[in-house]
file protein-v8.pdb (PDB, C-alpha atoms)
ATOM      1  CA  MET X   1       7.460 -16.927   3.093
ATOM      2  CA  GLN X   2       5.535 -15.017   0.446
ATOM      3  CA  SER X   3       4.854 -11.393   1.395
ATOM      4  CA  ALA X   4       1.338 -10.576   2.588
ATOM      5  CA  ASN X   5       0.851  -8.625  -0.636
ATOM      6  CA  SER X   6       1.661 -11.578  -2.913
ATOM      7  CA  SER X   7      -0.590 -14.396  -4.047
ATOM      8  CA  PRO X   8      -1.896 -16.564  -2.425
ATOM      9  CA  TRP X   9      -1.908 -14.535   0.820
ATOM     10  CA  LYS X  10      -2.991 -11.315  -0.864
ATOM     11  CA  TYR X  11      -6.229 -12.939  -2.039
ATOM     12  CA  VAL X  12      -6.902 -14.845   1.177
ATOM     13  CA  ILE X  13      -6.481 -11.576   3.108
ATOM     14  CA  THR X  14      -8.728  -9.806   0.580
ATOM     15  CA  TRP X  15     -11.503 -12.386   0.998
ATOM     16  CA  LEU X  16     -11.197 -12.288   4.795
ATOM     17  CA  ARG X  17     -11.328  -8.465   4.760
ATOM     18  CA  LEU X  18     -14.445  -8.530   2.575
ATOM     19  CA  TYR X  19     -16.146 -11.200   4.699
ATOM     20  CA  PHE X  20     -15.371  -9.438   7.978
ATOM     21  CA  GLY X  21     -16.455  -6.131   6.394
ATOM     22  CA  ALA X  22     -19.791  -7.546   5.180
ATOM     23  CA  HIS X  23     -20.279  -9.252   8.565
ATOM     24  CA  LEU X  24     -19.780  -5.937  10.428
ATOM     25  CA  PHE X  25     -21.764  -3.890   7.937
ATOM     26  CA  PHE X  26     -24.826  -6.153   8.127
ATOM     27  CA  SER X  27     -24.664  -6.300  11.904
ATOM     28  CA  GLY X  28     -24.421  -2.497  12.146
ATOM     29  CA  ILE X  29     -26.825  -1.467   9.402
ATOM     30  CA  ARG X  30     -29.531  -3.847  10.703
ATOM     31  CA  PHE X  31     -29.514  -1.897  13.968
ATOM     32  CA  VAL X  32     -29.370   1.475  12.157
ATOM     33  CA  ILE X  33     -32.433   0.566  10.060
ATOM     34  CA  ASP X  34     -34.694  -1.192  12.554
ATOM     35  CA  GLY X  35     -33.010  -0.944  15.974
ATOM     36  CA  TYR X  36     -32.616  -4.711  16.226
ATOM     37  CA  VAL X  37     -31.141  -5.810  19.572
ATOM     38  CA  PRO X  38     -30.682  -9.596  19.872
ATOM     39  CA  MET X  39     -32.354 -11.344  22.803
ATOM     40  CA  VAL X  40     -29.511 -13.096  24.588
ATOM     41  CA  PRO X  41     -30.252 -15.162  27.713
ATOM     42  CA  GLY X  42     -28.265 -15.013  30.950
ATOM     43  CA  LEU X  43     -25.383 -12.753  31.977
ATOM     44  CA  ALA X  44     -24.425 -11.871  28.395
ATOM     45  CA  GLY X  45     -27.995 -10.603  27.860
ATOM     46  CA  GLN X  46     -27.722  -8.482  31.001
ATOM     47  CA  TYR X  47     -24.461  -7.033  29.683
ATOM     48  CA  LEU X  48     -26.122  -6.129  26.355
ATOM     49  CA  ALA X  49     -29.167  -4.671  28.137
ATOM     50  CA  GLY X  50     -26.814  -2.618  30.325
ATOM     51  CA  ALA X  51     -24.871  -1.352  27.307
ATOM     52  CA  ASP X  52     -28.192  -0.460  25.649
ATOM     53  CA  ALA X  53     -29.440   1.312  28.800
ATOM     54  CA  ILE X  54     -26.370   3.563  29.065
ATOM     55  CA  GLY X  55     -26.530   4.375  25.352
ATOM     56  CA  MET X  56     -23.312   2.567  24.402
ATOM     57  CA  TYR X  57     -24.853  -0.236  22.355
ATOM     58  CA  HIS X  58     -26.087   2.014  19.562
ATOM     59  CA  TRP X  59     -22.658   3.672  19.231
ATOM     60  CA  VAL X  60     -21.055   0.261  18.843
ATOM     61  CA  LYS X  61     -23.567  -0.640  16.117
ATOM     62  CA  TYR X  62     -23.113   2.657  14.272
ATOM     63  CA  MET X  63     -19.348   2.109  14.427
ATOM     64  CA  GLU X  64     -19.770  -1.427  13.098
ATOM     65  CA  ALA X  65     -21.744  -0.119  10.113
ATOM     66  CA  ILE X  66     -19.033   2.464   9.346
ATOM     67  CA  TYR X  67     -16.161   0.029   9.918
ATOM     68  CA  GLY X  68     -17.852  -2.584   7.730
ATOM     69  CA  PHE X  69     -18.233  -0.032   4.941
ATOM     70  CA  LEU X  70     -14.560   0.970   5.259
ATOM     71  CA  LEU X  71     -13.385  -2.664   5.127
ATOM     72  CA  LEU X  72     -15.577  -3.368   2.091
ATOM     73  CA  THR X  73     -14.226  -0.323   0.271
ATOM     74  CA  ASN X  74     -10.611  -0.967   1.354
ATOM     75  CA  ARG X  75     -10.228   2.399   3.062
ATOM     76  CA  PHE X  76      -8.479   2.971   6.442
ATOM     77  CA  VAL X  77      -8.360  -0.808   6.888
ATOM     78  CA  PHE X  78      -5.586  -0.911   9.482
ATOM     79  CA  LEU X  79      -7.123   1.885  11.570
ATOM     80  CA  THR X  80     -10.524   0.177  11.358
ATOM     81  CA  LEU X  81      -9.096  -3.154  12.517
ATOM     82  CA  ILE X  82      -7.454  -1.484  15.523
ATOM     83  CA  LEU X  83     -10.616   0.455  16.453
ATOM     84  CA  GLU X  84     -12.836  -2.630  16.109
ATOM     85  CA  MET X  85     -10.610  -4.746  18.377
ATOM     86  CA  PRO X  86     -12.229  -3.707  21.725
ATOM     87  CA  THR X  87     -15.671  -4.737  20.416
ATOM     88  CA  THR X  88     -14.201  -7.953  19.038
ATOM     89  CA  VAL X  89     -12.650  -8.826  22.401
ATOM     90  CA  THR X  90     -15.985  -8.109  24.132
ATOM     91  CA  ILE X  91     -17.860 -10.382  21.705
ATOM     92  CA  PHE X  92     -15.180 -13.057  22.093
ATOM     93  CA  TRP X  93     -15.379 -12.918  25.888
ATOM     94  CA  LEU X  94     -19.189 -12.934  26.076
ATOM     95  CA  ASN X  95     -19.611 -15.751  23.561
ATOM     96  CA  THR X  96     -16.745 -17.947  24.703
ATOM     97  CA  PHE X  97     -16.811 -17.628  28.485
ATOM     98  CA  ILE X  98     -20.243 -16.237  29.410
ATOM     99  CA  SER X  99     -22.773 -17.693  26.929
ATOM    100  CA  ALA X 100     -20.551 -20.680  26.068
ATOM    101  CA  THR X 101     -23.246 -22.550  24.126
ATOM    102  CA  PRO X 102     -21.834 -24.767  21.344
ATOM    103  CA  ARG X 103     -22.622 -22.224  18.603
ATOM    104  CA  GLN X 104     -21.204 -19.318  20.636
ATOM    105  CA  LEU X 105     -18.073 -21.358  21.299
ATOM    106  CA  PHE X 106     -17.585 -21.175  17.529
ATOM    107  CA  SER X 107     -18.680 -17.595  16.849
ATOM    108  CA  GLY X 108     -16.662 -16.055  19.722
ATOM    109  CA  PRO X 109     -13.255 -17.346  18.616
ATOM    110  CA  GLN X 110     -14.311 -16.786  14.969
ATOM    111  CA  GLU X 111     -14.755 -13.056  15.649
ATOM    112  CA  LEU X 112     -11.357 -12.815  17.366
ATOM    113  CA  LEU X 113      -9.665 -14.859  14.634
ATOM    114  CA  MET X 114     -11.053 -12.717  11.815
ATOM    115  CA  ASN X 115     -10.023  -9.425  13.411
ATOM    116  CA  GLY X 116      -6.746 -10.854  14.753
ATOM    117  CA  LEU X 117      -5.616 -12.484  11.503
ATOM    118  CA  LEU X 118      -6.401  -9.330   9.527
ATOM    119  CA  LEU X 119      -4.534  -7.257  12.097
ATOM    120  CA  LEU X 120      -1.586  -9.651  11.761
ATOM    121  CA  ALA X 121      -1.712  -9.293   7.974
ATOM    122  CA  TYR X 122      -1.416  -5.501   8.215
ATOM    123  CA  SER X 123       0.810  -5.281  11.299
ATOM    124  CA  GLY X 124       3.985  -4.864   9.258
ATOM    125  CA  TYR X 125       3.029  -1.178   9.270
ATOM    126  CA  MET X 126       3.354  -1.020  13.050
ATOM    127  CA  ALA X 127       6.589  -3.018  13.304
ATOM    128  CA  ALA X 128       8.146  -0.138  15.288
ATOM    129  CA  CYS X 129       5.887  -0.886  18.273
ATOM    130  CA  PHE X 130       7.755  -4.152  18.795
ATOM    131  CA  ARG X 131      11.018  -2.289  19.435
ATOM    132  CA  PRO X 132      11.842  -2.163  23.158
ATOM    133  CA  THR X 133      12.944   1.480  23.070
ATOM    134  CA  LEU X 134      11.473   4.298  21.010
ATOM    135  CA  ASN X 135      11.802   8.066  21.143
ATOM    136  CA  PRO X 136       8.580  10.128  21.075
ATOM    137  CA  MET X 137       7.355  11.075  17.583
ATOM    138  CA  TRP X 138       4.212  12.958  16.521
ATOM    139  CA  PRO X 139       2.001  11.210  13.972
ATOM    140  CA  TRP X 140       2.565  13.962  11.400
ATOM    141  CA  ASP X 141       6.320  13.385  11.689
ATOM    142  CA  GLY X 142       5.842   9.649  11.348
ATOM    143  CA  TRP X 143       3.792  10.284   8.223
ATOM    144  CA  ASN X 144       7.029  11.331   6.458
ATOM    145  CA  GLY X 145       7.903   7.645   6.310
ATOM    146  CA  PHE X 146       4.962   6.987   3.989
ATOM    147  CA  GLN X 147       5.723   9.199   1.050
ATOM    148  CA  LEU X 148       5.538   6.637  -1.743
ATOM    149  CA  LYS X 149       2.727   6.795  -4.260
ATOM    150  CA  GLY X 150       0.361   3.848  -4.375
ATOM    151  CA  LYS X 151      -1.098   1.925  -1.481
ATOM    152  CA  GLY X 152       0.956   1.833   1.694
ATOM    153  CA  GLY X 153       4.443   2.766   0.589
ATOM    154  CA  LEU X 154       7.096   2.608   3.282
ATOM    155  CA  LEU X 155      10.212   4.654   2.597
ATOM    156  CA  ASN X 156      12.728   2.094   3.789
ATOM    157  CA  THR X 157      10.874  -1.056   2.838
ATOM    158  CA  ARG X 158      11.375  -3.057  -0.326
ATOM    159  CA  PRO X 159       8.699  -1.531  -2.604
ATOM    160  CA  SER X 160       7.617  -4.957  -3.879
ATOM    161  CA  LEU X 161       6.527  -5.898  -0.344
ATOM    162  CA  VAL X 162       3.891  -3.177  -0.278
ATOM    163  CA  GLY X 163       2.805  -3.300  -3.897
ATOM    164  CA  VAL X 164       4.452  -0.234  -5.427
ATOM    165  CA  SER X 165       7.039  -0.214  -8.157
ATOM    166  CA  VAL X 166      10.404   1.505  -7.812
ATOM    167  CA  GLU X 167       9.402   3.944 -10.562
ATOM    168  CA  GLU X 168       6.563   5.212  -8.400
ATOM    169  CA  LYS X 169       8.971   6.286  -5.664
ATOM    170  CA  GLU X 170       8.883  10.031  -5.275
ATOM    171  CA  PRO X 171      12.162  11.936  -5.477
ATOM    172  CA  ALA X 172      13.574  12.829  -2.058
TER
ATOM    173  CA  MET H   1      -5.067 -17.913 -13.661
ATOM    174  CA  LYS H   2      -1.829 -18.555 -11.804
ATOM    175  CA  LYS H   3      -1.356 -21.564  -9.530
ATOM    176  CA  ASN H   4      -1.070 -19.418  -6.385
ATOM    177  CA  THR H   5      -4.377 -17.711  -7.195
ATOM    178  CA  TRP H   6      -6.082 -21.111  -7.382
ATOM    179  CA  ILE H   7      -4.495 -22.025  -4.033
ATOM    180  CA  ALA H   8      -5.957 -18.788  -2.589
ATOM    181  CA  ILE H   9      -9.399 -19.595  -4.030
ATOM    182  CA  GLY H  10      -9.181 -23.083  -2.468
ATOM    183  CA  ILE H  11      -8.348 -21.603   0.937
ATOM    184  CA  CYS H  12     -11.246 -19.122   0.617
ATOM    185  CA  ILE H  13     -13.673 -21.936  -0.268
ATOM    186  CA  ALA H  14     -12.475 -23.864   2.807
ATOM    187  CA  LEU H  15     -12.991 -20.769   4.992
ATOM    188  CA  THR H  16     -16.475 -20.315   3.488
ATOM    189  CA  LEU H  17     -17.429 -23.911   4.300
ATOM    190  CA  LEU H  18     -16.063 -23.439   7.818
ATOM    191  CA  ALA H  19     -18.139 -20.259   8.266
ATOM    192  CA  ILE H  20     -21.263 -22.072   6.970
ATOM    193  CA  ASP H  21     -20.678 -25.008   9.319
ATOM    194  CA  GLY H  22     -20.087 -22.620  12.212
ATOM    195  CA  SER H  23     -23.360 -20.819  11.576
ATOM    196  CA  THR H  24     -25.544 -23.852  10.911
ATOM    197  CA  GLY H  25     -23.914 -26.085  13.520
ATOM    198  CA  TRP H  26     -24.189 -28.945  11.042
ATOM    199  CA  GLY H  27     -22.774 -32.108  12.591
ATOM    200  CA  TRP H  28     -21.976 -30.708  16.050
ATOM    201  CA  ALA H  29     -24.923 -28.600  17.327
ATOM    202  CA  ASP H  30     -28.670 -28.221  16.770
ATOM    203  CA  PHE H  31     -29.026 -27.452  13.077
ATOM    204  CA  ARG H  32     -30.033 -23.872  12.246
ATOM    205  CA  PRO H  33     -30.534 -22.821   8.612
ATOM    206  CA  LEU H  34     -28.363 -20.051   7.206
ATOM    207  CA  ARG H  35     -29.623 -16.583   8.139
ATOM    208  CA  ASN H  36     -29.833 -13.388   6.068
ATOM    209  CA  PHE H  37     -26.723 -12.374   7.995
ATOM    210  CA  ASP H  38     -24.814 -15.324   6.470
ATOM    211  CA  TYR H  39     -26.234 -14.857   2.958
ATOM    212  CA  PHE H  40     -25.235 -11.198   3.030
ATOM    213  CA  GLY H  41     -21.743 -11.787   4.480
ATOM    214  CA  LEU H  42     -20.815 -14.632   2.171
ATOM    215  CA  GLY H  43     -22.643 -13.243  -0.882
ATOM    216  CA  ILE H  44     -21.075  -9.785  -0.736
ATOM    217  CA  SER H  45     -17.611 -11.126   0.079
ATOM    218  CA  TRP H  46     -17.633 -13.570  -2.846
ATOM    219  CA  LEU H  47     -19.141 -11.019  -5.247
ATOM    220  CA  LEU H  48     -16.452  -8.436  -4.489
ATOM    221  CA  PHE H  49     -13.748 -11.119  -4.332
ATOM    222  CA  ILE H  50     -14.626 -12.300  -7.851
ATOM    223  CA  PHE H  51     -14.545  -8.668  -8.993
ATOM    224  CA  VAL H  52     -10.995  -8.303  -7.556
ATOM    225  CA  LEU H  53      -9.900 -11.573  -9.209
ATOM    226  CA  ILE H  54     -11.241 -10.510 -12.624
ATOM    227  CA  ARG H  55      -9.657  -7.060 -12.289
ATOM    228  CA  ASP H  56      -6.275  -8.567 -11.371
ATOM    229  CA  LYS H  57      -6.595 -11.212 -14.091
ATOM    230  CA  ILE H  58      -7.046  -8.441 -16.673
ATOM    231  CA  ARG H  59      -3.958  -6.717 -15.234
ATOM    232  CA  GLY H  60      -2.052  -9.994 -15.479
ATOM    233  CA  GLU H  61      -1.503 -10.199 -11.703
ATOM    234  CA  ALA H  62      -3.872 -13.032 -10.769
TER
END
call {"tool": "encode", "arguments": {"input": "protein-v8.pdb", "output": "structure tokens"}}
result
Amino acid sequence: MQSANSSPWKYVITWLRLYFGAHLFFSGIRFVIDGYVPMVPGLAGQYLAGADAIGMYHWVKYMEAIYGFLLLTNRFVFLTLILEMPTTVTIFWLNTFISATPRQLFSGPQELLMNGLLLLAYSGYMAACFRPTLNPMWPWDGWNGFQLKGKGGLLNTRPSLVGVSVEEKEPA
Amino acid sequence: MKKNTWIAIGICIALTLLAIDGSTGWGWADFRPLRNFDYFGLGISWLLFIFVLIRDKIRGEA
């Protein structure tokens, strides 16, 4: 299979990242500008009202605006996708199992698919978490594995997989 | 442009149509016109996507 950084996947992933980014940014910035809270009937509405009452809803929306901006500008994409996942799962659950109207039965799984597929596309960088046994390692020690110039260089990975040329590899 | 880039564009168009159908509910739910939310999401994503394609085309990658 073609690597995630080769055409056609590279461009499909790029479009999906931009669409999910714009989707989050609009959703977040709309709240930041005018405090828009959607009127949702039933239990899902009670959940949103509860989140709003305890002051959590506005944090989620501010985070969405920031995460959307980061996805649109291709910065900290993997971190953003991980941090957005709890909100995505909440939206998926509310839309799919609580609201469950025909349109929500589309938009719930859509949210999970967008975040999940993008996470899959970048998850090569966290391949170590699929190993059954690992020794403890601080993040700053793990960072030593990413000393290639360019975007996302892994020391022991074929450079072509992550979009850097061999010439760009820094001397050890 | 290279064949694989056209395949990618085809997939992105299909995903766009799917997103439009999901938002409007055309053919399977009460029809609702596209919202500003959809225009913004699809407009920005395609605008920046075309920018990436042109940039990579100039570099000889796309």
call {"tool": "resolve_selection", "arguments": {"input": "protein-v8.pdb", "expression": "the PyMOL selection byres ((chain X and resi 28-43) around 7)", "output": "count of residues only"}}
result
13
call {"tool": "resolve_selection", "arguments": {"input": "protein-v8.pdb", "expression": "the ChimeraX specification (/H :<10) & /X", "output": "PDB file with C-alpha atoms, in the frame of the given file"}}
result
ATOM      1  CA  SER X   6       1.661 -11.578  -2.913  1.00  0.00           C
ATOM      2  CA  SER X   7      -0.590 -14.396  -4.047  1.00  0.00           C
ATOM      3  CA  PRO X   8      -1.896 -16.564  -2.425  1.00  0.00           C
ATOM      4  CA  TRP X   9      -1.908 -14.535   0.820  1.00  0.00           C
ATOM      5  CA  LYS X  10      -2.991 -11.315  -0.864  1.00  0.00           C
ATOM      6  CA  TYR X  11      -6.229 -12.939  -2.039  1.00  0.00           C
ATOM      7  CA  VAL X  12      -6.902 -14.845   1.177  1.00  0.00           C
ATOM      8  CA  ILE X  13      -6.481 -11.576   3.108  1.00  0.00           C
ATOM      9  CA  THR X  14      -8.728  -9.806   0.580  1.00  0.00           C
ATOM     10  CA  TRP X  15     -11.503 -12.386   0.998  1.00  0.00           C
ATOM     11  CA  LEU X  16     -11.197 -12.288   4.795  1.00  0.00           C
ATOM     12  CA  ARG X  17     -11.328  -8.465   4.760  1.00  0.00           C
ATOM     13  CA  LEU X  18     -14.445  -8.530   2.575  1.00  0.00           C
ATOM     14  CA  TYR X  19     -16.146 -11.200   4.699  1.00  0.00           C
ATOM     15  CA  PHE X  20     -15.371  -9.438   7.978  1.00  0.00           C
ATOM     16  CA  GLY X  21     -16.455  -6.131   6.394  1.00  0.00           C
ATOM     17  CA  ALA X  22     -19.791  -7.546   5.180  1.00  0.00           C
ATOM     18  CA  HIS X  23     -20.279  -9.252   8.565  1.00  0.00           C
ATOM     19  CA  LEU X  24     -19.780  -5.937  10.428  1.00  0.00           C
ATOM     20  CA  PHE X  25     -21.764  -3.890   7.937  1.00  0.00           C
ATOM     21  CA  PHE X  26     -24.826  -6.153   8.127  1.00  0.00           C
ATOM     22  CA  SER X  27     -24.664  -6.300  11.904  1.00  0.00           C
ATOM     23  CA  ARG X  30     -29.531  -3.847  10.703  1.00  0.00           C
ATOM     24  CA  LEU X  72     -15.577  -3.368   2.091  1.00  0.00           C
ATOM     25  CA  THR X  73     -14.226  -0.323   0.271  1.00  0.00           C
ATOM     26  CA  THR X 101     -23.246 -22.550  24.126  1.00  0.00           C
ATOM     27  CA  PRO X 102     -21.834 -24.767  21.344  1.00  0.00           C
ATOM     28  CA  ARG X 103     -22.622 -22.224  18.603  1.00  0.00           C
ATOM     29  CA  GLN X 104     -21.204 -19.318  20.636  1.00  0.00           C
ATOM     30  CA  LEU X 105     -18.073 -21.358  21.299  1.00  0.00           C
ATOM     31  CA  PHE X 106     -17.585 -21.175  17.529  1.00  0.00           C
ATOM     32  CA  SER X 107     -18.680 -17.595  16.849  1.00  0.00           C
ATOM     33  CA  GLN X 110     -14.311 -16.786  14.969  1.00  0.00           C
TER      34      GLN X 110
END
call {"tool": "atom_distance", "arguments": {"input": "protein-v8.pdb", "atom1": "atom CA of X:Trp59", "atom2": "atom CA of H:Arg35"}}
result
24.1 Å
call {"tool": "atom_distance", "arguments": {"input": "protein-v8.pdb", "atom1": "atom CA of X:Ala127", "atom2": "atom CA of X:Ala4"}}
result
14.1 Å
call {"tool": "resolve_selection", "arguments": {"input": "protein-v8.pdb", "expression": "the PyMOL selection byres ((chain X and resi 85) around 12)", "output": "VMD selection string"}}
result
chain X and resid 60 63 to 64 67 78 to 84 86 to 92 111 to 119
call {"tool": "atom_distance", "arguments": {"input": "protein-v8.pdb", "atom1": "atom CA of X:Asn95", "atom2": "atom CA of X:Arg75"}}
result
28.9 Å
call {"tool": "build_atoms", "arguments": {"input": "protein-v8.pdb", "residues": "stretch 46-57 of chain H", "atoms": "N, CA and C atoms", "output": "CSV table (one decimal), in the coordinates of the input"}}
result
chain,number,residue,atom,x,y,z
H,46,TRP,N,-18.0,-12.8,-1.6
H,46,TRP,CA,-17.6,-13.6,-2.8
H,46,TRP,C,-17.8,-12.7,-4.1
H,47,LEU,N,-18.9,-11.9,-4.1
H,47,LEU,CA,-19.1,-11.0,-5.2
H,47,LEU,C,-18.0,-10.1,-5.5
H,48,LEU,N,-17.6,-9.4,-4.4
H,48,LEU,CA,-16.5,-8.4,-4.5
H,48,LEU,C,-15.1,-9.2,-4.7
H,49,PHE,N,-15.0,-10.3,-4.1
H,49,PHE,CA,-13.7,-11.1,-4.3
H,49,PHE,C,-13.6,-11.5,-5.8
H,50,ILE,N,-14.7,-11.9,-6.4
H,50,ILE,CA,-14.6,-12.3,-7.9
H,50,ILE,C,-14.3,-11.1,-8.7
H,51,PHE,N,-14.9,-9.9,-8.3
H,51,PHE,CA,-14.5,-8.7,-9.0
H,51,PHE,C,-13.0,-8.4,-8.9
H,52,VAL,N,-12.4,-8.5,-7.7
H,52,VAL,CA,-11.0,-8.3,-7.6
H,52,VAL,C,-10.2,-9.3,-8.4
H,53,LEU,N,-10.6,-10.6,-8.4
H,53,LEU,CA,-9.9,-11.6,-9.2
H,53,LEU,C,-9.9,-11.2,-10.7
H,54,ILE,N,-11.1,-10.8,-11.2
H,54,ILE,CA,-11.2,-10.5,-12.6
H,54,ILE,C,-10.4,-9.3,-12.9
H,55,ARG,N,-10.4,-8.3,-12.1
H,55,ARG,CA,-9.7,-7.1,-12.3
H,55,ARG,C,-8.2,-7.4,-12.4
H,56,ASP,N,-7.7,-8.2,-11.4
H,56,ASP,CA,-6.3,-8.6,-11.4
H,56,ASP,C,-5.9,-9.5,-12.5
H,57,LYS,N,-6.8,-10.3,-13.0
H,57,LYS,CA,-6.6,-11.2,-14.1
H,57,LYS,C,-6.4,-10.4,-15.3
